[in-house]
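Next up, input.tsv (TSV, C-alpha atoms):
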chain	number	residue	atom	x	y	z
A	1	MET	CA	53.54	162.65	147.43
A	2	TRP	CA	52.54	165.34	149.93
A	3	PRO	CA	48.75	164.69	149.68
A	4	ALA	CA	49.39	161.02	150.43
A	5	LYS	CA	51.52	161.89	153.46
A	6	LEU	CA	48.92	164.36	154.70
A	7	SER	CA	46.24	161.68	154.41
A	8	LEU	CA	48.33	159.26	156.45
A	9	LEU	CA	48.97	161.89	159.11
A	10	LEU	CA	45.27	162.68	159.26
A	11	VAL	CA	44.42	159.01	159.79
A	12	PHE	CA	47.10	158.68	162.48
A	13	PHE	CA	46.02	161.71	164.50
A	14	THR	CA	42.35	160.81	164.18
A	15	PHE	CA	43.04	157.36	165.66
A	16	ALA	CA	45.42	158.73	168.29
A	17	ALA	CA	42.70	161.07	169.51
A	18	HIS	CA	40.65	158.03	170.49
A	19	VAL	CA	43.41	156.16	172.28
A	20	PRO	CA	42.98	157.93	175.66
A	21	ALA	CA	39.32	156.91	175.65
A	22	LEU	CA	40.22	153.33	174.80
A	23	MET	CA	42.71	153.27	177.66
A	24	ALA	CA	40.32	154.82	180.18
A	25	TRP	CA	40.50	153.74	183.83
A	26	PRO	CA	37.47	153.10	186.07
A	27	ASP	CA	36.31	155.58	188.66
A	28	GLU	CA	36.07	154.57	192.33
A	29	ASP	CA	32.67	153.00	191.69
A	30	GLY	CA	34.10	150.93	188.86
A	31	ALA	CA	32.44	152.94	186.09
A	32	TRP	CA	34.42	153.84	182.97
A	33	ASN	CA	35.58	157.43	182.63
A	34	SER	CA	34.73	157.31	178.94
A	35	THR	CA	31.69	156.10	177.05
A	36	MET	CA	33.93	155.28	174.10
A	37	GLY	CA	36.22	153.22	176.33
A	38	GLU	CA	33.25	151.18	177.54
A	39	GLU	CA	31.88	150.71	174.03
A	40	PHE	CA	35.12	149.51	172.49
A	41	MET	CA	36.59	147.50	175.34
A	42	ALA	CA	33.41	145.53	175.86
A	43	ASN	CA	33.91	144.17	172.35
A	44	ASN	CA	36.31	141.25	172.52
A	45	THR	CA	37.25	141.30	168.84
A	46	PHE	CA	38.41	144.89	169.08
A	47	ARG	CA	40.15	144.16	172.37
A	48	ARG	CA	42.27	141.39	170.82
A	49	ALA	CA	43.16	143.64	167.90
A	50	LEU	CA	44.55	146.18	170.36
A	51	THR	CA	46.89	143.76	172.14
A	52	ASN	CA	49.97	145.91	171.67
A	53	LEU	CA	48.17	149.12	172.66
A	54	ASN	CA	46.97	147.50	175.89
A	55	LYS	CA	50.49	146.88	177.19
A	56	PHE	CA	50.73	149.49	179.91
A	57	ALA	CA	53.92	151.54	180.19
A	58	GLY	CA	52.71	154.46	182.28
A	59	PRO	CA	52.91	155.18	186.01
A	60	CYS	CA	51.62	152.57	188.45
A	61	LYS	CA	47.82	152.53	188.42
A	62	PRO	CA	46.12	149.89	190.59
A	63	THR	CA	42.83	148.87	189.05
A	64	ASN	CA	41.12	146.92	191.83
A	65	PRO	CA	40.87	147.19	195.63
A	66	ILE	CA	43.37	144.38	196.32
A	67	ASP	CA	46.13	145.93	194.23
A	68	LYS	CA	45.30	149.39	195.51
A	69	CYS	CA	46.23	148.14	198.98
A	70	TRP	CA	49.91	147.56	198.13
A	71	ARG	CA	51.02	147.82	194.50
A	72	CYS	CA	51.94	151.45	193.99
A	73	ARG	CA	54.00	151.88	197.14
A	74	PRO	CA	57.71	152.28	196.26
A	75	ASN	CA	58.66	150.83	199.66
A	76	TRP	CA	56.75	147.55	199.15
A	77	ALA	CA	59.97	145.56	199.51
A	78	GLN	CA	60.64	147.07	202.94
A	79	ASN	CA	57.09	146.31	204.04
A	80	ARG	CA	56.28	143.07	202.23
A	81	GLN	CA	54.01	141.83	204.98
A	82	ARG	CA	51.52	144.62	204.32
A	83	LEU	CA	50.24	142.30	201.59
A	84	ALA	CA	48.65	140.09	204.27
A	85	ASP	CA	46.15	142.88	205.00
A	86	CYS	CA	44.95	143.11	201.39
A	87	ALA	CA	42.87	139.97	200.83
A	88	VAL	CA	39.10	140.16	200.38
A	89	GLY	CA	36.31	137.64	200.37
A	90	PHE	CA	36.15	134.31	202.13
A	91	GLY	CA	39.96	134.14	202.37
A	92	ALA	CA	40.35	137.60	203.91
A	93	LYS	CA	41.66	136.15	207.18
A	94	ALA	CA	44.52	134.32	205.47
A	95	TYR	CA	47.53	136.02	207.06
A	96	GLY	CA	50.13	133.57	205.85
A	97	GLY	CA	53.50	134.15	207.51
A	98	LYS	CA	52.68	137.63	208.79
A	99	GLY	CA	54.69	138.41	211.89
A	100	GLY	CA	57.29	135.78	211.05
A	101	ARG	CA	60.84	136.26	209.85
A	102	ILE	CA	61.88	136.61	206.22
A	103	TYR	CA	63.29	133.44	204.66
A	104	VAL	CA	65.27	134.01	201.44
A	105	VAL	CA	65.32	131.17	198.91
A	106	THR	CA	68.77	131.18	197.30
A	107	ASP	CA	68.90	127.68	195.79
A	108	LYS	CA	66.56	126.44	193.03
A	109	SER	CA	67.39	122.76	193.55
A	110	ASP	CA	65.07	120.09	194.94
A	111	ASP	CA	67.43	117.13	194.98
A	112	ASP	CA	66.65	115.63	198.39
A	113	VAL	CA	62.95	115.62	199.32
A	114	ALA	CA	63.61	113.63	202.51
A	115	ASN	CA	66.23	116.06	203.86
A	116	PRO	CA	65.83	119.38	202.05
A	117	LYS	CA	68.85	121.61	201.77
A	118	PRO	CA	68.77	124.98	203.62
A	119	GLY	CA	68.14	127.81	201.20
A	120	THR	CA	65.69	125.79	199.07
A	121	LEU	CA	61.98	126.38	198.81
A	122	ARG	CA	61.24	122.93	200.21
A	123	HIS	CA	63.37	123.61	203.28
A	124	ALA	CA	61.48	126.87	203.85
A	125	VAL	CA	57.95	125.48	203.67
A	126	ILE	CA	58.51	122.57	206.10
A	127	GLN	CA	59.46	124.85	209.00
A	128	LYS	CA	56.92	124.99	211.84
A	129	GLU	CA	57.26	128.72	212.54
A	130	PRO	CA	55.52	131.50	210.57
A	131	LEU	CA	57.72	132.52	207.62
A	132	TRP	CA	57.54	135.08	204.84
A	133	ILE	CA	59.38	133.35	201.99
A	134	ILE	CA	61.01	135.44	199.23
A	135	PHE	CA	63.50	134.74	196.45
A	136	ALA	CA	67.02	136.09	195.98
A	137	LYS	CA	66.88	136.00	192.18
A	138	ASN	CA	64.96	134.73	189.18
A	139	MET	CA	64.73	130.95	189.21
A	140	LYS	CA	62.96	127.94	187.75
A	141	ILE	CA	62.22	125.29	190.38
A	142	LYS	CA	61.52	121.76	189.22
A	143	LEU	CA	59.94	119.94	192.14
A	144	GLN	CA	60.85	116.26	192.32
A	145	GLN	CA	57.81	115.51	194.51
A	146	GLU	CA	54.79	117.48	195.77
A	147	LEU	CA	55.75	120.55	197.77
A	148	LEU	CA	54.05	120.01	201.16
A	149	ILE	CA	53.53	123.31	202.97
A	150	GLN	CA	53.24	123.79	206.72
A	151	SER	CA	50.81	126.33	208.21
A	152	TYR	CA	51.53	130.06	208.49
A	153	LYS	CA	53.57	130.52	205.33
A	154	THR	CA	53.65	133.17	202.63
A	155	ILE	CA	55.41	132.38	199.36
A	156	ASP	CA	56.04	135.83	197.88
A	157	GLY	CA	57.52	135.93	194.38
A	158	ARG	CA	57.68	139.72	194.08
A	159	GLY	CA	61.07	141.06	193.01
A	160	ALA	CA	61.96	137.95	190.98
A	161	LYS	CA	60.51	135.83	188.21
A	162	VAL	CA	59.90	132.49	189.88
A	163	HIS	CA	58.65	129.52	187.87
A	164	ILE	CA	57.43	126.30	189.44
A	165	ALA	CA	57.63	124.18	186.32
A	166	GLY	CA	58.43	120.84	184.79
A	167	GLY	CA	57.91	118.78	187.94
A	168	ALA	CA	55.38	118.21	190.72
A	169	GLY	CA	52.94	120.79	192.10
A	170	ILE	CA	52.09	122.43	195.43
A	171	MET	CA	50.05	120.71	198.15
A	172	MET	CA	48.37	122.20	201.24
A	173	GLN	CA	47.00	119.36	203.36
A	174	ASN	CA	45.24	119.98	206.68
A	175	VAL	CA	46.99	123.32	207.14
A	176	THR	CA	45.87	126.90	207.69
A	177	ASN	CA	46.98	130.45	206.85
A	178	ILE	CA	48.77	130.19	203.53
A	179	ILE	CA	49.39	132.96	200.99
A	180	ILE	CA	50.88	132.17	197.58
A	181	HIS	CA	51.61	135.27	195.55
A	182	ASN	CA	53.23	136.23	192.25
A	183	LEU	CA	54.43	132.92	190.82
A	184	TYR	CA	54.41	131.28	187.40
A	185	ILE	CA	53.17	127.68	187.73
A	186	HIS	CA	53.09	125.55	184.60
A	187	ASP	CA	53.88	122.21	182.97
A	188	ILE	CA	53.20	120.36	186.22
A	189	VAL	CA	53.27	116.56	186.04
A	190	SER	CA	52.34	113.67	188.29
A	191	ALA	CA	55.08	112.51	190.69
A	192	LYS	CA	55.51	108.88	191.68
A	193	GLY	CA	55.46	109.47	195.45
A	194	GLY	CA	57.67	108.03	198.15
A	195	LEU	CA	59.21	109.31	201.36
A	196	ILE	CA	58.83	113.09	201.56
A	197	ARG	CA	59.51	115.42	204.47
A	198	ASP	CA	56.44	117.53	205.23
A	199	ALA	CA	57.78	119.02	208.48
A	200	VAL	CA	61.13	119.38	210.17
A	201	ASP	CA	60.12	116.59	212.55
A	202	HIS	CA	58.16	114.32	210.20
A	203	LEU	CA	59.02	112.18	207.19
A	204	GLY	CA	56.07	110.38	205.60
A	205	PHE	CA	55.19	108.21	202.64
A	206	ARG	CA	53.16	109.80	199.85
A	207	THR	CA	51.34	108.01	197.05
A	208	GLN	CA	51.51	109.20	193.45
A	209	SER	CA	50.35	112.80	192.98
A	210	ASP	CA	47.66	113.81	190.48
A	211	GLY	CA	49.56	116.47	188.60
A	212	ASP	CA	47.59	119.46	189.88
A	213	GLY	CA	49.29	122.85	189.89
A	214	ILE	CA	47.97	123.65	193.38
A	215	SER	CA	46.01	121.25	195.60
A	216	LEU	CA	44.13	122.07	198.79
A	217	PHE	CA	43.09	119.11	200.93
A	218	GLY	CA	41.39	120.06	204.18
A	219	ALA	CA	43.10	123.48	204.04
A	220	ARG	CA	41.58	126.71	205.33
A	221	ASN	CA	42.37	130.42	205.32
A	222	VAL	CA	44.19	130.34	201.99
A	223	TRP	CA	44.78	133.22	199.57
A	224	LEU	CA	46.11	132.64	196.03
A	225	ASP	CA	46.92	135.91	194.26
A	226	HIS	CA	48.64	137.06	191.06
A	227	LEU	CA	49.46	133.60	189.72
A	228	SER	CA	50.04	132.76	186.06
A	229	MET	CA	49.13	129.12	185.47
A	230	LYS	CA	48.87	126.78	182.49
A	231	LYS	CA	49.51	123.24	181.21
A	232	CYS	CA	49.20	121.04	184.29
A	233	GLU	CA	48.62	117.31	183.93
A	234	ASP	CA	45.37	117.36	185.93
A	235	GLY	CA	43.79	120.56	187.28
A	236	LEU	CA	45.31	123.99	187.73
A	237	ILE	CA	43.76	124.42	191.21
A	238	ASP	CA	41.83	121.77	193.17
A	239	ALA	CA	40.20	122.47	196.56
A	240	ILE	CA	38.69	119.38	198.18
A	241	GLU	CA	37.95	117.47	201.40
A	242	GLY	CA	36.60	120.30	203.52
A	243	SER	CA	38.91	123.07	202.30
A	244	THR	CA	37.33	126.44	203.04
A	245	ALA	CA	37.88	130.18	203.66
A	246	ILE	CA	39.66	130.60	200.31
A	247	THR	CA	40.15	133.56	197.98
A	248	ILE	CA	41.55	133.18	194.47
A	249	SER	CA	42.29	136.57	192.92
A	250	ASN	CA	44.20	138.36	190.16
A	251	CYS	CA	45.20	135.11	188.44
A	252	HIS	CA	45.61	134.49	184.73
A	253	TRP	CA	44.91	131.02	183.34
A	254	THR	CA	45.56	129.76	179.80
A	255	ASP	CA	46.19	126.57	177.82
A	256	HIS	CA	44.33	124.05	179.94
A	257	ASP	CA	41.36	121.70	179.99
A	258	ARG	CA	40.11	121.30	183.58
A	259	VAL	CA	40.89	124.62	185.24
A	260	LEU	CA	39.39	124.78	188.77
A	261	LEU	CA	37.74	121.99	190.78
A	262	PHE	CA	35.99	122.69	194.09
A	263	GLY	CA	34.75	119.57	195.88
A	264	ALA	CA	35.98	115.98	195.92
A	265	ARG	CA	32.89	113.91	195.16
A	266	ASP	CA	29.12	114.06	194.74
A	267	ALA	CA	28.38	111.66	197.59
A	268	GLY	CA	28.57	112.83	201.21
A	269	ASP	CA	28.69	116.26	202.80
A	270	GLY	CA	32.43	116.73	203.44
A	271	ASP	CA	32.60	119.83	201.26
A	272	ASP	CA	29.30	121.45	202.26
A	273	GLU	CA	31.11	123.99	204.43
A	274	MET	CA	33.39	125.06	201.60
A	275	ARG	CA	33.45	128.84	201.04
A	276	ILE	CA	35.45	130.24	198.11
A	277	THR	CA	35.70	133.67	196.49
A	278	VAL	CA	36.94	133.87	192.88
A	279	ILE	CA	37.60	137.52	192.02
A	280	TYR	CA	39.45	139.73	189.46
A	281	ASN	CA	40.80	136.78	187.46
A	282	HIS	CA	41.23	136.40	183.71
A	283	PHE	CA	40.17	133.12	182.13
A	284	GLY	CA	42.23	133.37	178.97
A	285	LYS	CA	43.14	131.60	175.77
A	286	ARG	CA	42.71	127.89	175.02
A	287	LEU	CA	40.76	126.97	178.16
A	288	VAL	CA	38.10	124.28	177.92
A	289	GLN	CA	35.99	123.81	181.09
A	290	ARG	CA	35.72	123.99	184.91
A	291	MET	CA	36.07	127.70	185.59
A	292	PRO	CA	35.20	126.45	188.15
A	293	ARG	CA	33.38	123.13	188.54
A	294	VAL	CA	31.75	123.12	191.97
A	295	ARG	CA	30.35	120.08	193.76
A	296	ALA	CA	29.31	121.56	197.11
A	297	GLY	CA	29.59	124.59	199.37
A	298	ILE	CA	29.20	128.25	198.38
A	299	VAL	CA	31.27	129.94	195.68
A	300	HIS	CA	31.13	133.66	194.88
A	301	ILE	CA	32.39	134.38	191.35
A	302	ILE	CA	32.82	138.13	191.04
A	303	ASN	CA	34.28	140.57	188.48
A	304	ASN	CA	36.18	138.01	186.42
A	305	ASP	CA	36.86	138.20	182.69
A	306	TYR	CA	35.87	135.06	180.79
A	307	THR	CA	37.28	135.67	177.32
A	308	HIS	CA	37.63	132.02	176.29
A	309	TRP	CA	36.09	128.61	176.88
A	310	ASN	CA	35.61	125.66	174.55
A	311	MET	CA	32.88	123.67	176.38
A	312	TYR	CA	31.46	125.69	179.27
A	313	ALA	CA	32.63	128.18	181.89
A	314	ILE	CA	30.88	127.37	185.19
A	315	GLY	CA	29.86	123.81	185.99
A	316	GLY	CA	28.76	121.72	188.90
A	317	SER	CA	27.00	118.77	190.40
A	318	HIS	CA	25.56	117.64	193.72
A	319	HIS	CA	24.09	120.74	195.47
A	320	ALA	CA	26.58	123.59	195.12
A	321	THR	CA	25.56	127.23	195.56
A	322	ILE	CA	27.07	129.52	192.92
A	323	ILE	CA	26.61	133.30	192.81
A	324	SER	CA	27.96	135.05	189.70
A	325	GLU	CA	28.20	138.85	189.89
A	326	GLY	CA	29.64	141.48	187.60
A	327	ASN	CA	31.55	139.08	185.35
A	328	ARG	CA	32.06	139.41	181.62
A	329	PHE	CA	31.34	136.26	179.59
A	330	ILE	CA	32.37	136.20	175.93
A	331	ALA	CA	31.08	133.02	174.30
A	332	PRO	CA	33.11	131.03	171.76
A	333	PRO	CA	32.09	131.09	168.08
A	334	ASP	CA	30.67	127.55	168.22
A	335	ARG	CA	26.91	127.91	168.73
A	336	ASN	CA	26.85	124.62	170.69
A	337	PHE	CA	28.87	126.14	173.54
A	338	LYS	CA	27.28	129.52	174.14
A	339	GLN	CA	25.87	128.52	177.54
A	340	VAL	CA	28.01	129.65	180.46
A	341	THR	CA	26.65	126.98	182.80
A	342	HIS	CA	26.75	123.19	182.78
A	343	ARG	CA	25.17	120.81	185.32
A	344	ASP	CA	25.83	117.09	185.68
A	345	ALA	CA	22.38	116.12	187.00
A	346	PRO	CA	18.77	115.77	185.87
A	347	GLU	CA	16.86	119.04	185.60
A	348	SER	CA	14.46	117.91	188.32
A	349	GLU	CA	17.45	117.92	190.68
A	350	TRP	CA	19.48	120.92	189.54
A	351	ARG	CA	16.46	123.22	189.58
A	352	LYS	CA	16.82	123.10	193.39
A	353	TRP	CA	20.41	124.34	193.36
A	354	THR	CA	20.98	128.06	193.85
A	355	TRP	CA	22.88	129.33	190.83
A	356	ARG	CA	22.24	133.05	190.31
A	357	SER	CA	23.60	135.72	188.02
A	358	LYS	CA	23.48	139.41	188.86
A	359	GLY	CA	24.92	142.24	186.80
A	360	ASP	CA	26.91	139.94	184.51
A	361	MET	CA	27.74	141.01	180.95
A	362	PHE	CA	27.08	138.49	178.17
A	363	LYS	CA	28.74	138.90	174.77
A	364	ASN	CA	28.67	136.94	171.52
A	365	GLY	CA	25.52	135.04	172.50
A	366	ALA	CA	26.65	133.87	175.96
A	367	PHE	CA	23.86	133.06	178.43
A	368	PHE	CA	23.55	131.86	182.04
A	369	VAL	CA	20.82	129.43	183.11
A	370	GLU	CA	19.71	130.33	186.63
A	371	SER	CA	18.12	128.07	189.21
A	372	GLY	CA	17.18	127.88	192.88
A	373	ASP	CA	16.62	130.65	195.42
A	374	PRO	CA	16.02	133.99	193.66
A	375	ASN	CA	17.24	135.77	196.81
A	376	GLY	CA	20.56	133.92	196.81
A	377	VAL	CA	22.62	136.99	195.90
A	378	GLN	CA	21.30	139.05	198.81
A	379	LYS	CA	21.92	136.21	201.25
A	380	LEU	CA	25.53	135.78	200.11
A	381	HIS	CA	26.42	139.44	200.67
A	382	GLY	CA	26.19	138.87	204.39
A	383	LEU	CA	28.84	136.16	204.19
A	384	ASP	CA	31.85	137.42	202.23
A	385	LYS	CA	31.01	141.15	202.39
A	386	ILE	CA	32.01	142.04	198.81
A	387	GLU	CA	30.10	144.37	196.52
A	388	ALA	CA	30.62	143.75	192.81
A	389	LYS	CA	31.85	146.52	190.52
A	390	PRO	CA	29.91	146.98	187.25
A	391	ALA	CA	30.70	144.29	184.67
A	392	ARG	CA	31.68	146.99	182.16
A	393	ALA	CA	34.77	147.68	184.33
A	394	VAL	CA	36.01	144.06	184.29
A	395	HIS	CA	38.61	144.61	181.58
A	396	SER	CA	40.27	147.21	183.78
A	397	LEU	CA	39.78	145.34	187.07
A	398	THR	CA	41.59	142.29	185.63
A	399	ARG	CA	44.10	144.15	183.52
A	400	PHE	CA	47.12	143.12	185.58
A	401	ALA	CA	45.94	139.57	186.32
A	402	GLY	CA	48.71	137.01	186.53
A	403	ALA	CA	52.23	137.22	187.91
A	404	ILE	CA	53.69	140.73	187.85
A	405	GLY	CA	57.16	140.35	186.38
A	406	GLY	CA	58.45	143.88	186.77
A	407	CYS	CA	58.48	144.40	190.56
A	408	LYS	CA	61.78	145.93	191.69
A	409	ALA	CA	62.77	147.07	195.16
A	410	GLY	CA	62.45	150.85	195.51
A	411	LYS	CA	59.92	151.14	192.69
A	412	ALA	CA	56.16	150.67	192.51
A	413	CYS	CA	55.14	147.36	190.93
Could you render the structure as C-alpha cells?
Amino acid sequence: MWPAKLSLLLVFFTFAAHVPALMAWPDEDGAWNSTMGEEFMANNTFRRALTNLNKFAGPCKPTNPIDKCWRCRPNWAQNRQRLADCAVGFGAKAYGGKGGRIYVVTDKSDDDVANPKPGTLRHAVIQKEPLWIIFAKNMKIKLQQELLIQSYKTIDGRGAKVHIAGGAGIMMQNVTNIIIHNLYIHDIVSAKGGLIRDAVDHLGFRTQSDGDGISLFGARNVWLDHLSMKKCEDGLIDAIEGSTAITISNCHWTDHDRVLLFGARDAGDGDDEMRITVIYNHFGKRLVQRMPRVRAGIVHIINNDYTHWNMYAIGGSHHATIISEGNRFIAPPDRNFKQVTHRDAPESEWRKWTWRSKGDMFKNGAFFVESGDPNGVQKLHGLDKIEAKPARAVHSLTRFAGAIGGCKAGKAC
C-alpha cells in the first residue's frame, strides 16, 4: 500500500513542479519567463488538455497593454471613463461617451422601439449628448429591433453580466465615437424592421435587418473590446460603407460560420479608406471562416490566437491590404484547410494585393501565402503605431479575451 502511495505522491509533486513554468507570464517585451512555458503552451493539444489548470484564480495580472491601462485598479468603478484612454490602433481616438454623464440601465425590456422607456438601453443610446452607459444588475436584453446608437456613447458592461441575446443586434450608422465594452452578444436573429426611434427627435422606418451581432455602416472612431460573441444569424461583426478608424480587441468568438466582414462589395471604392486594427483576440472553437474577410482598405491583424477554423482564417477579395503580425495560427486536422489565407480572385489579380506575414507562428501545418509589396509591414507601422509582441506570447496576451464576468466595484477585475 505505502509504495503505491509514495509513487502517486512522487508523480504529483513532479508534475506540480512544472506548473509554475506552464503558467508563466510574459515579460514587458512579450517574451515568456520560462522556456518550458513557451514549449508547452505553443502546443495546442497540450493547451486544451490543461483547460482546468488555465483558469486563473490568482491576483489580477493584466497580460496586454490595453488591460494594463485599467484592469487592476480597485477604483475602476469610480473612474470608469479612464477606459476611454486605453484603446490602441486605428480606433485609438474612439472616446465614446467620455466627459458625459453616467446613465444607468435599470430595465431589461425593449417593448416599445418607437418610444423607448427611460431606464432601458434603447432609451440611453438614442440620446444626443455624450453618455457613459452602465448597468444596475445582471440582465439579458432581447432587442425587438436593431439597436441604433447615436454618436458619443460608451456601453460599459463592467460590474454586471449583460447579455444581448435572442433578438436583433447592434447598429452604428453614420455615427462617430462609440465604445462597446464587456458584453455577451449571441443568438442574434434578423428583425423584420418598421418604425424605430434612432434619436430623441427622429423616428424612421427601417427595413429588415441581416442578423449581424454588431454592424457598422459609415461609422468611424469605434472601439469594440472584451466582447464574447457567438451564434448570430449572419455575421458576428460587419464593418461596411466607409466605416473606418476601428479597433477590435480582447474579444472571444466561438460557434459561428462567417465571423468578421470588412467591406460591403467588390465593386467601387467606398471602403478604400477603411482602417481597422484586430488585436489580442481569440478565434475559438467551431469557427469556420472570415476571421476576417476583407474587401478593401487596410487591416492590421496583430497578436491574435487562431486556435480553430474549418475552412480558412483570413480571406479577401478586391484589393484589400492585410498585414498579419505576431499571430498564432493552429491549423485544423483536415489537410485541405491548412492554408491560413483565401482569396476570391484569379492569381494574376491577387498577386498585386499586399498581404504580408511577419513574426507569425504556424502550428500543425498552417501556412500563409503572401503577396504584394514586400515592404508593406514597414509602411503600416507609420499608420497605426503598434509594435507586435512575439507570437510565442499570444496565449498570454489573449488569456482574458472575451467578456470579464467577475468585475466588482472596489476590486480589481
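When the distance limit is 6 Å and all atoms listed in the file are what count, the residues near stretch 72-76 of chain A, minus those fewer than 4 positions from it on the same chain, are Cys60, Arg80, Gly410, Lys411 and Ala412 of chain A.
The spacing separating atom CA of A:Asn64 from atom CA of A:Ala92 amounts to 15.3 Å.
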(request) Report the distance between atom CA of A:Pro118 and atom CA of A:Ile133 in Å, rounded to one decimal place. (result) 12.7 Å
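If you look at atom CA of A:Thr176 and atom CA of A:Val377, they are 28.0 Å away from each other.
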Give me the residues of stretch 117-189 of chain A that have any atom at most 12 Å from an atom of stretch 254-266 of chain A; for each, the nearest atom pair and the distance in Å, rounded to one decimal. Use all atoms listed in the file, sort by chain and number, and format it as CSV.
residue,atom,partner,partner_atom,distance
A:Tyr184,CA,A:Thr254,CA,11.8
A:Ile185,CA,A:Thr254,CA,11.2
A:His186,CA,A:Asp255,CA,9.7
A:Asp187,CA,A:His256,CA,10.2
A:Ile188,CA,A:His256,CA,11.5
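Taking all atoms listed in the file into account, the protein, DNA and RNA residues within 8 Å of (44.5, 135.2, 181.6) read A:Ser228, A:Cys251, A:His252, A:Trp253, A:Thr254, A:Asn281, A:His282, A:Phe283, A:Gly284, A:Lys285, A:Ala401, A:Gly402.
Proximity of A:Asn221, A:Asn327, A:Asn336, A:Gln78 to A:Tyr152, computed with only C-alpha atoms, is greatest for A:Asn221.
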Please, which residues in stretch 242-294 of chain A fall within 10 Å of stretch 338-358 of chain A when counting all atoms listed in the file, and what is the closest atom pair and distance in Å to one decimal for each, ordered by chain then residue number, as a Markdown table?
| residue | atom | partner | partner_atom | distance |
| --- | --- | --- | --- | --- |
| A:Gln289 | CA | A:His342 | CA | 9.4 |
| A:Arg290 | CA | A:His342 | CA | 9.3 |
| A:Met291 | CA | A:Val340 | CA | 9.8 |
| A:Arg293 | CA | A:His342 | CA | 8.8 |
| A:Val294 | CA | A:Arg343 | CA | 9.6 |
(message) Residues near A:Asp198, anyone? I mean within 7 Å using all atoms listed in the file, not counting same-chain ones fewer than 6 positions away, as a list of chain:residue names.
(response) A:Ile126, A:Leu148, A:Ile149
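In this comparison, which uses all atoms listed in the file, the residue of A:Pro116, A:Gly169, A:Gly297, A:Gly194 approaching A:Glu241 most closely is A:Gly297.
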(request) Counting only C-alpha atoms, figure out which residue out of A:Lys128, A:Arg295, A:Arg206, A:Arg399 gets nearest to A:Ile240. (result) A:Arg295
